[in-house]
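Raw input.txt, compact mmCIF, C-alpha atoms:
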# COMPACT_ATOMS: atom_id res chain seq x y z
CA MET W 13 -30.26 97.11 -94.73
CA SER W 14 -27.73 94.38 -95.36
CA LEU W 15 -26.02 92.47 -92.63
CA ILE W 16 -22.62 93.55 -93.87
CA ASN W 17 -23.26 97.21 -93.17
CA SER W 18 -24.87 96.67 -89.80
CA VAL W 19 -21.78 95.50 -87.94
CA PRO W 20 -18.55 97.35 -87.15
CA GLU W 21 -15.72 97.16 -89.66
CA MET W 22 -13.60 94.96 -87.40
CA VAL W 23 -16.03 92.03 -87.72
CA LEU W 24 -15.81 89.50 -90.53
CA THR W 25 -18.85 87.56 -91.61
CA SER W 26 -18.82 84.10 -93.08
CA LYS W 27 -20.83 80.92 -93.35
CA VAL W 28 -20.42 78.17 -90.73
CA ASP W 29 -19.52 75.69 -93.44
CA ALA W 30 -16.86 77.92 -94.93
CA MET W 31 -15.40 78.69 -91.51
CA LEU W 32 -15.19 75.08 -90.44
CA ASN W 33 -13.87 73.93 -93.78
CA TRP W 34 -11.25 76.66 -93.72
CA THR W 35 -10.02 75.68 -90.27
CA ARG W 36 -9.93 72.06 -91.22
CA LYS W 37 -8.13 72.47 -94.51
CA SER W 38 -5.60 74.81 -92.88
CA SER W 39 -4.35 72.20 -90.43
CA LEU W 40 -4.11 69.01 -92.43
CA TRP W 41 -1.89 66.66 -90.49
CA TYR W 42 -0.69 63.90 -92.74
CA MET W 43 0.41 60.48 -91.69
CA LEU W 44 3.88 59.45 -92.77
CA PHE W 45 3.11 56.47 -94.94
CA GLY W 46 6.00 56.01 -97.32
CA LEU W 47 5.96 52.57 -98.90
CA ALA W 48 8.59 52.91 -101.61
CA CYS W 49 10.56 55.45 -103.62
CA CYS W 50 7.65 57.93 -103.67
CA ALA W 51 8.37 58.43 -99.97
CA ILE W 52 11.57 60.27 -100.91
CA GLU W 53 9.56 62.79 -102.91
CA MET W 54 7.03 63.04 -100.08
CA MET W 55 9.88 63.88 -97.68
CA GLN W 56 11.08 66.50 -100.15
CA THR W 57 7.58 67.94 -100.28
CA GLY W 58 7.59 68.27 -96.51
CA GLY W 59 11.12 69.66 -96.54
CA PRO W 60 12.19 73.30 -96.56
CA ARG W 61 12.20 73.87 -100.32
CA SER W 62 8.67 72.75 -101.03
CA ASP W 63 7.53 73.35 -97.45
CA LEU W 64 4.12 71.89 -96.74
CA ASP W 65 4.14 73.74 -93.42
CA ARG W 66 2.92 76.88 -95.18
CA PHE W 67 -0.41 75.10 -95.75
CA GLY W 68 -0.57 74.15 -92.10
CA MET W 69 0.43 70.57 -92.82
CA ALA W 70 2.58 68.65 -90.40
CA PRO W 71 3.83 65.09 -90.56
CA ARG W 72 2.48 62.75 -87.90
CA ALA W 73 3.84 59.39 -86.90
CA THR W 74 0.55 57.81 -85.92
CA PRO W 75 -2.80 57.47 -87.68
CA ARG W 76 -4.74 58.36 -84.55
CA VAL W 77 -3.98 62.08 -84.81
CA SER W 78 -3.85 62.29 -88.60
CA ASP W 79 -6.37 63.77 -91.00
CA LEU W 80 -4.73 62.71 -94.20
CA MET W 81 -3.02 59.58 -95.44
CA ILE W 82 -0.59 60.06 -98.31
CA VAL W 83 -0.09 56.58 -99.74
CA ALA W 84 3.35 56.93 -101.29
CA GLY W 85 4.64 53.83 -102.98
CA THR W 86 3.96 50.30 -104.12
CA LEU W 87 1.22 48.64 -102.13
CA THR W 88 1.87 44.94 -101.64
CA LEU W 89 -0.90 42.56 -100.67
CA LYS W 90 0.83 42.04 -97.34
CA MET W 91 0.81 45.78 -96.68
CA ALA W 92 -2.73 46.21 -97.99
CA LEU W 93 -4.19 44.57 -94.89
CA ARG W 94 -2.13 46.86 -92.67
CA THR W 95 -3.18 49.86 -94.73
CA LYS W 96 -6.82 49.07 -94.06
CA VAL W 97 -6.12 48.82 -90.32
CA LEU W 98 -4.29 52.14 -90.30
CA TYR W 99 -7.05 53.83 -92.26
CA ASP W 100 -9.65 52.53 -89.81
CA GLN W 101 -7.63 53.97 -86.94
CA MET W 102 -7.76 57.49 -88.35
CA PRO W 103 -10.47 59.71 -86.86
CA ASP W 104 -13.15 61.15 -89.13
CA PRO W 105 -13.09 63.24 -91.23
CA LYS W 106 -10.22 61.60 -93.04
CA TYR W 107 -8.77 61.92 -96.48
CA VAL W 108 -6.52 59.81 -98.68
CA VAL W 109 -4.15 60.99 -101.36
CA SER W 110 -2.83 58.28 -103.65
CA MET W 111 0.64 59.34 -104.68
CA GLY W 112 2.33 57.92 -107.76
CA SER W 113 1.56 55.29 -110.36
CA CYS W 114 2.03 52.36 -108.00
CA SER W 115 -0.62 53.33 -105.53
CA ASN W 116 -2.88 54.61 -108.34
CA CYS W 117 -2.91 51.43 -110.39
CA GLY W 118 0.01 49.20 -109.44
CA GLY W 119 2.36 51.01 -111.80
CA LEU W 120 5.30 49.04 -113.11
CA PHE W 121 4.65 46.21 -110.72
CA GLN W 122 0.94 45.68 -111.29
CA LEU W 123 1.37 42.18 -112.72
CA ALA W 124 3.54 40.95 -109.88
CA TYR W 125 2.11 38.25 -107.65
CA SER W 126 2.67 40.25 -104.49
CA VAL W 127 1.32 43.63 -105.59
CA CYS W 128 -2.12 45.10 -105.04
CA ASP W 129 -2.85 47.18 -108.12
CA GLY W 130 -4.23 50.34 -106.68
CA VAL W 131 -4.89 51.51 -103.16
CA ASP W 132 -8.49 52.26 -104.12
CA LYS W 133 -9.16 48.54 -103.94
CA ILE W 134 -8.68 48.86 -100.18
CA ILE W 135 -9.70 52.34 -99.08
CA PRO W 136 -11.51 55.29 -100.71
CA VAL W 137 -9.20 57.78 -102.39
CA ASP W 138 -9.84 61.52 -102.66
CA VAL W 139 -7.05 62.67 -104.94
CA TYR W 140 -4.85 60.72 -107.34
CA VAL W 141 -1.44 62.22 -108.11
CA PRO W 142 0.10 60.70 -111.25
CA GLY W 143 3.84 60.38 -111.75
CA CYS W 144 6.62 57.91 -111.15
CA PRO W 145 7.37 59.41 -108.74
CA PRO W 146 5.51 62.74 -108.78
CA ARG W 147 7.69 65.76 -108.16
CA PRO W 148 7.07 67.76 -104.97
CA GLU W 149 5.27 70.34 -107.11
CA ALA W 150 2.85 67.68 -108.32
CA LEU W 151 2.13 66.43 -104.83
CA THR W 152 1.66 69.99 -103.64
CA GLU W 153 -0.86 70.57 -106.41
CA GLY W 154 -2.66 67.41 -105.42
CA LEU W 155 -2.86 68.63 -101.85
CA ILE W 156 -4.15 72.05 -102.95
CA LEU W 157 -6.76 70.19 -104.99
CA LEU W 158 -7.71 68.30 -101.85
CA GLN W 159 -8.03 71.60 -99.99
CA ASP W 160 -10.33 72.89 -102.72
CA LYS W 161 -12.38 69.77 -102.33
CA MET W 162 -12.55 70.25 -98.58
CA MET W 163 -13.75 73.83 -99.00
CA ASN W 164 -16.76 72.54 -100.90
CA GLU W 165 -17.90 70.21 -98.16
CA LYS W 166 -21.15 70.67 -96.32
CA TRP W 167 -20.29 70.36 -92.67
CA LEU W 168 -23.43 68.64 -91.44
CA THR W 169 -23.87 66.42 -94.47
CA ARG W 170 -20.53 64.87 -95.27
CA SER W 171 -22.26 62.22 -97.33
CA ALA W 172 -23.45 64.84 -99.81
CA PRO W 173 -21.72 64.57 -103.18
CA LEU W 174 -18.60 66.67 -103.40
CA THR W 175 -17.50 68.79 -106.28
CA VAL W 176 -14.15 70.31 -106.96
CA ALA W 177 -14.20 73.91 -108.07
CA MET U 25 43.57 28.88 -107.63
CA ASP U 26 40.69 29.00 -110.11
CA ALA U 27 37.37 27.20 -109.95
CA ARG U 28 38.66 24.22 -111.92
CA ALA U 29 41.51 23.66 -109.50
CA ILE U 30 39.14 23.98 -106.56
CA HIS U 31 36.89 21.40 -108.18
CA LYS U 32 39.83 18.99 -108.48
CA LEU U 33 40.65 19.53 -104.83
CA LEU U 34 37.06 18.92 -103.78
CA ALA U 35 36.72 15.84 -105.99
CA ASN U 36 39.75 14.29 -104.31
CA GLU U 37 38.44 15.13 -100.88
CA PHE U 38 34.77 14.15 -101.24
CA GLY U 39 34.65 11.70 -104.16
CA ASP U 40 31.05 11.17 -105.24
CA GLY U 41 29.75 14.05 -103.17
CA VAL U 42 31.10 16.47 -105.74
CA GLY U 43 29.75 16.35 -109.28
CA ASN U 44 30.94 17.88 -112.53
CA PHE U 45 32.67 21.14 -113.09
CA VAL U 46 30.55 23.22 -115.47
CA GLU U 47 32.62 25.50 -117.65
CA GLN U 48 30.75 28.66 -118.55
CA PRO U 49 32.17 31.97 -119.68
CA THR U 50 29.95 33.90 -117.29
CA GLU U 51 29.83 31.72 -114.25
CA PRO U 52 31.86 28.53 -114.01
CA HIS U 53 30.43 26.45 -111.21
CA ILE U 54 30.77 23.18 -109.35
CA GLU U 55 27.89 20.77 -108.98
CA VAL U 56 27.58 19.37 -105.50
CA ASP U 57 25.40 16.57 -104.17
CA ALA U 58 22.59 17.61 -101.83
CA THR U 59 23.86 15.43 -98.99
CA ALA U 60 27.43 16.74 -99.19
CA ILE U 61 26.85 20.50 -99.39
CA ALA U 62 27.33 21.27 -95.70
CA LYS U 63 30.57 19.27 -95.51
CA VAL U 64 31.87 20.82 -98.73
CA CYS U 65 31.14 24.34 -97.55
CA SER U 66 32.69 23.64 -94.17
CA TYR U 67 35.81 22.40 -95.93
CA LEU U 68 35.91 25.42 -98.23
CA LYS U 69 35.61 27.71 -95.24
CA GLU U 70 38.19 26.05 -93.02
CA ASN U 71 40.86 25.15 -95.58
CA GLY U 72 43.67 27.70 -95.31
CA ASP U 73 44.30 27.85 -99.07
CA LEU U 74 40.65 28.52 -99.85
CA ASN U 75 39.17 30.50 -96.94
CA PHE U 76 35.69 31.05 -98.33
CA GLU U 77 34.56 32.71 -95.14
CA HIS U 78 31.54 34.50 -96.58
CA LEU U 79 28.32 33.14 -98.05
CA SER U 80 27.52 36.05 -100.30
CA ASN U 81 24.28 34.77 -101.75
CA LEU U 82 22.02 31.77 -101.67
CA THR U 83 19.17 31.42 -104.10
CA ALA U 84 17.14 28.80 -105.89
CA THR U 85 15.83 28.46 -109.43
CA ASP U 86 13.02 26.32 -110.70
CA TYR U 87 13.78 24.25 -113.83
CA LEU U 88 10.35 23.03 -114.78
CA GLU U 89 11.37 21.05 -117.89
CA GLU U 90 14.10 19.17 -116.05
CA ASN U 91 11.78 18.65 -113.07
CA ARG U 92 14.50 19.96 -110.84
CA ILE U 93 15.26 22.87 -108.58
CA ARG U 94 18.79 24.16 -108.41
CA ILE U 95 20.04 25.86 -105.28
CA ILE U 96 22.88 28.23 -106.01
CA TYR U 97 25.51 29.21 -103.50
CA HIS U 98 27.87 32.13 -104.05
CA LEU U 99 30.86 31.99 -101.78
CA HIS U 100 33.43 34.72 -101.37
CA SER U 101 36.86 34.77 -99.84
CA TYR U 102 37.92 38.15 -98.53
CA LYS U 103 41.41 36.89 -97.86
CA HIS U 104 42.08 35.72 -101.42
CA ALA U 105 39.55 38.04 -103.14
CA ARG U 106 37.99 35.08 -104.88
CA TRP U 107 34.50 33.94 -105.78
CA LEU U 108 33.10 30.45 -106.12
CA THR U 109 29.70 29.23 -107.28
CA LEU U 110 28.23 25.92 -106.17
CA LYS U 111 25.00 24.42 -107.44
CA VAL U 112 22.90 21.69 -105.91
CA ALA U 113 20.19 20.04 -107.98
CA VAL U 114 17.27 18.52 -106.10
CA ASP U 115 14.04 16.83 -107.07
CA ARG U 116 11.31 19.32 -107.81
CA GLU U 117 8.49 17.41 -106.17
CA ASN U 118 10.22 16.98 -102.85
CA PRO U 119 13.17 19.36 -102.62
CA HIS U 120 15.34 18.69 -99.60
CA VAL U 121 18.84 19.89 -98.88
CA ALA U 122 20.89 20.19 -95.70
CA THR U 123 21.05 23.60 -94.09
CA LEU U 124 24.24 25.65 -94.09
CA GLU U 125 23.27 27.45 -90.91
CA ASN U 126 25.98 25.75 -88.87
CA VAL U 127 28.65 26.77 -91.35
CA TYR U 128 27.46 30.24 -92.28
CA PRO U 129 24.98 31.79 -89.82
CA VAL U 130 23.81 34.20 -92.56
CA ALA U 131 22.27 31.21 -94.31
CA ASN U 132 19.39 31.42 -91.86
CA TRP U 133 17.62 34.26 -93.65
CA LEU U 134 18.82 33.33 -97.14
CA GLU U 135 17.42 29.82 -96.75
CA ARG U 136 14.16 31.19 -95.42
CA GLU U 137 13.90 33.28 -98.58
CA ALA U 138 14.57 30.27 -100.82
CA TYR U 139 11.96 28.33 -98.86
CA ASP U 140 9.46 31.14 -99.09
CA LEU U 141 9.71 31.84 -102.80
CA VAL U 142 10.71 28.52 -104.34
CA GLY U 143 9.73 26.03 -101.66
CA VAL U 144 13.02 24.31 -100.93
CA ASN U 145 13.09 22.52 -97.58
CA PHE U 146 16.32 22.98 -95.67
CA ASP U 147 16.77 20.06 -93.29
CA GLY U 148 18.08 21.05 -89.89
CA HIS U 149 17.16 24.71 -90.24
CA SER U 150 16.32 26.21 -86.85
CA ASP U 151 13.49 28.49 -87.97
CA LEU U 152 12.17 27.65 -91.42
CA ARG U 153 9.35 30.18 -91.82
CA ARG U 154 8.35 32.51 -94.62
CA ILE U 155 10.36 35.70 -94.64
CA LEU U 156 8.88 37.90 -97.39
CA MET U 157 5.39 36.69 -98.16
CA PRO U 158 2.64 36.76 -95.53
CA ASP U 159 2.52 33.77 -93.20
CA ASP U 160 -0.83 32.64 -94.57
CA TRP U 161 0.25 32.76 -98.21
CA VAL U 162 -0.47 29.63 -100.22
CA GLY U 163 2.20 28.32 -102.57
CA HIS U 164 5.65 29.42 -103.55
CA PRO U 165 5.43 32.25 -106.07
CA LEU U 166 8.73 31.81 -107.92
CA ARG U 167 7.85 28.27 -108.93
CA LYS U 168 7.29 28.26 -112.69
CA ASP U 169 3.89 26.60 -112.32
CA PHE U 170 2.67 28.90 -109.55
CA GLN U 171 -1.04 29.61 -109.89
CA GLU U 172 -2.05 32.89 -108.38
CA PRO U 173 -5.17 32.70 -106.20
CA SER U 174 -7.97 34.99 -107.36
CA HIS U 175 -8.34 36.61 -103.94
CA TYR U 176 -6.17 37.42 -100.98
CA HIS U 177 -8.21 38.22 -97.87
CA GLY U 178 -11.02 39.57 -100.00
CA ILE U 179 -8.71 41.65 -102.18
CA SER U 180 -9.16 40.69 -105.79
CA THR U 181 -5.91 39.89 -107.54
CA VAL U 182 -7.53 40.13 -110.96
CA ARG U 183 -5.63 42.96 -112.55
CA GLU U 184 -7.83 44.80 -114.96
CA SER U 185 -5.19 46.75 -116.77
CA MET U 186 -4.34 47.28 -120.40
CA LEU U 187 -1.22 45.21 -119.96
CA THR U 188 -3.26 42.23 -118.83
CA ILE U 189 -5.76 42.65 -121.61
CA ASN U 190 -3.03 42.82 -124.24
CA ARG U 191 -1.19 39.85 -122.84
CA ASN U 192 -4.21 37.58 -122.87
Since I need it in another form, could you write the structure as structure tokens?
Amino acid sequence: MSLINSVPEMVLTSKVDAMLNWTRKSSLWYMLFGLACCAIEMMQTGGPRSDLDRFGMAPRATPRVSDLMIVAGTLTLKMALRTKVLYDQMPDPKYVVSMGSCSNCGGLFQLAYSVCDGVDKIIPVDVYVPGCPPRPEALTEGLILLQDKMMNEKWLTRSAPLTVA
Amino acid sequence: MDARAIHKLLANEFGDGVGNFVEQPTEPHIEVDATAIAKVCSYLKENGDLNFEHLSNLTATDYLEENRIRIIYHLHSYKHARWLTLKVAVDRENPHVATLENVYPVANWLEREAYDLVGVNFDGHSDLRRILMPDDWVGHPLRKDFQEPSHYHGISTVRESMLTINRN
């Protein structure tokens, strides 16, 4: 006799991992971290037309209550040190989305003396969203990709290698 | 009154403190001696026929071949709707020029920027610190011979991109 048929119809069964991952991915609070023009598109993504709220995402003004950092814009060397501090202030588990060419690889400004070419030199990045700047649709897809990634996590062994479905 | 007439007026008033008038189609300008710039600007601001009450821009450019740095002042008169460009050439090794802070308070930040990026020292400035680059930055990045350090606080500044590879 299978477990499914042994309980009343009102009860749903699931795995602990899937349950925890689902709760976590459904309330991703992202830190407002607009560094340049990509921030405008990030605001649009959070706005009513693209509406990140439907994924349970809400903008936060402080890293201490955030799960996700969306690095939106050109990262200067001066800001890079601050970025590291902000990332360290975020509680685990934490995720980083690199939004746009500048934070992916320095973009147009990668040869400038003041620019750090790529936020992955400073902090680990989960999802890279290409574009200059990416449209809200692109950022939304990146965030859905991140949610897929989160659904594949093993809750007790976060260090296990992750795969995206 | 055009720039040439203003130059004549200034030359009469300040003598050696005012240099040549440089005729250019894009930007005719007046060369001014480094020691006289504050007095000249004060005069341009106070004189009723000129009334350059606004320092619109202050910047500096490095001329490596001439071994000079030129500091460029853009003045604007709202009253007469008129622009004027002044240039001060200083020695590249030890660039010193008097501050305009007492004439135009806005010069405070503009001079800090010129100090930060090109390394011009403004004598008499009340707060000559870096304004854009981090406080612990070494060198002045808009100097033509600026050598970029390989690291900044452990962050490598070696840029491994296709652009770099193609350029070298």
Of the candidates U:Leu124, U:Lys69, U:Ile96, U:Glu89, which shows the shortest atom-to-atom distance to Thr109 of chain U, using only C-alpha atoms?
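Among the listed residues, U:Ile96 lies closest to Thr109 of chain U.
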Which residue, U:Asn71, U:Pro158, U:Phe170, U:Thr85, has the smallest gap to chain W when you use all atoms listed in the file?
U:Pro158
Once you count all atoms listed in the file, what closest atom pair and distance in Å to one decimal does each residue of chain W within 9 Å of chain U have, with rows by chain and rising residue number, as JSON lines?
{"residue": "W:Leu89", "atom": "CA", "partner": "U:Tyr176", "partner_atom": "CA", "distance": 7.4}
{"residue": "W:Lys90", "atom": "CA", "partner": "U:Pro158", "partner_atom": "CA", "distance": 5.9}
{"residue": "W:Ala92", "atom": "CA", "partner": "U:Ile179", "partner_atom": "CA", "distance": 8.6}
{"residue": "W:Leu93", "atom": "CA", "partner": "U:His177", "partner_atom": "CA", "distance": 8.1}
{"residue": "W:Cys117", "atom": "CA", "partner": "U:Ser185", "partner_atom": "CA", "distance": 8.2}
{"residue": "W:Gly118", "atom": "CA", "partner": "U:Arg183", "partner_atom": "CA", "distance": 9.0}
{"residue": "W:Gln122", "atom": "CA", "partner": "U:Arg183", "partner_atom": "CA", "distance": 7.2}
{"residue": "W:Leu123", "atom": "CA", "partner": "U:Arg183", "partner_atom": "CA", "distance": 7.0}
{"residue": "W:Tyr125", "atom": "CA", "partner": "U:Glu172", "partner_atom": "CA", "distance": 6.8}
{"residue": "W:Ser126", "atom": "CA", "partner": "U:Met157", "partner_atom": "CA", "distance": 7.8}
{"residue": "W:Val127", "atom": "CA", "partner": "U:Thr181", "partner_atom": "CA", "distance": 8.4}
{"residue": "W:Cys128", "atom": "CA", "partner": "U:Thr181", "partner_atom": "CA", "distance": 6.9}
{"residue": "W:Asp129", "atom": "CA", "partner": "U:Arg183", "partner_atom": "CA", "distance": 6.7}
{"residue": "W:Lys133", "atom": "CA", "partner": "U:Ile179", "partner_atom": "CA", "distance": 7.1}
{"residue": "W:Ile134", "atom": "CA", "partner": "U:Ile179", "partner_atom": "CA", "distance": 7.5}
Computed interatomic separation between atom CA of Glu117 of chain U and atom CA of Leu82 of chain U (Å):
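Rounded to one decimal, the two atoms are 20.2 Å apart.
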Would you mind listing what lies within 12 Å of Glu37 of chain U as an mmCIF file with C-alpha atoms, in the coordinates of the input, with only C-alpha atoms counted and same-chain residues fewer than 3 positions away left out?
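Okay, this is what ended up in part-v4.cif:
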data_model
loop_
_atom_site.group_PDB
_atom_site.id
_atom_site.type_symbol
_atom_site.label_atom_id
_atom_site.label_comp_id
_atom_site.auth_asym_id
_atom_site.auth_seq_id
_atom_site.Cartn_x
_atom_site.Cartn_y
_atom_site.Cartn_z
ATOM 1 C CA ILE U 30 39.140 23.980 -106.560
ATOM 2 C CA HIS U 31 36.890 21.400 -108.180
ATOM 3 C CA LYS U 32 39.830 18.990 -108.480
ATOM 4 C CA LEU U 33 40.650 19.530 -104.830
ATOM 5 C CA LEU U 34 37.060 18.920 -103.780
ATOM 6 C CA ASP U 40 31.050 11.170 -105.240
ATOM 7 C CA GLY U 41 29.750 14.050 -103.170
ATOM 8 C CA VAL U 42 31.100 16.470 -105.740
ATOM 9 C CA ALA U 60 27.430 16.740 -99.190
ATOM 10 C CA LYS U 63 30.570 19.270 -95.510
ATOM 11 C CA VAL U 64 31.870 20.820 -98.730
ATOM 12 C CA TYR U 67 35.810 22.400 -95.930
ATOM 13 C CA LEU U 68 35.910 25.420 -98.230
ATOM 14 C CA ASN U 71 40.860 25.150 -95.580
#
Please, what distance in Å, to one decimal, runs between atom CA of Leu74 of chain U and atom CA of His149 of chain U?
25.7 Å
Atom-to-atom span, atom CA of Val130 of chain U and atom CA of Tyr97 of chain U, Å
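So the two atoms, atom CA of Val130 of chain U and atom CA of Tyr97 of chain U, lie 12.1 Å apart.
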Pick from W:Gly68, W:Gly130, W:Pro105, W:Gly59: nearest to Met162 of chain W, with all atoms listed in the file counted?
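Answer, going by the shortest atom-to-atom distance: W:Pro105.
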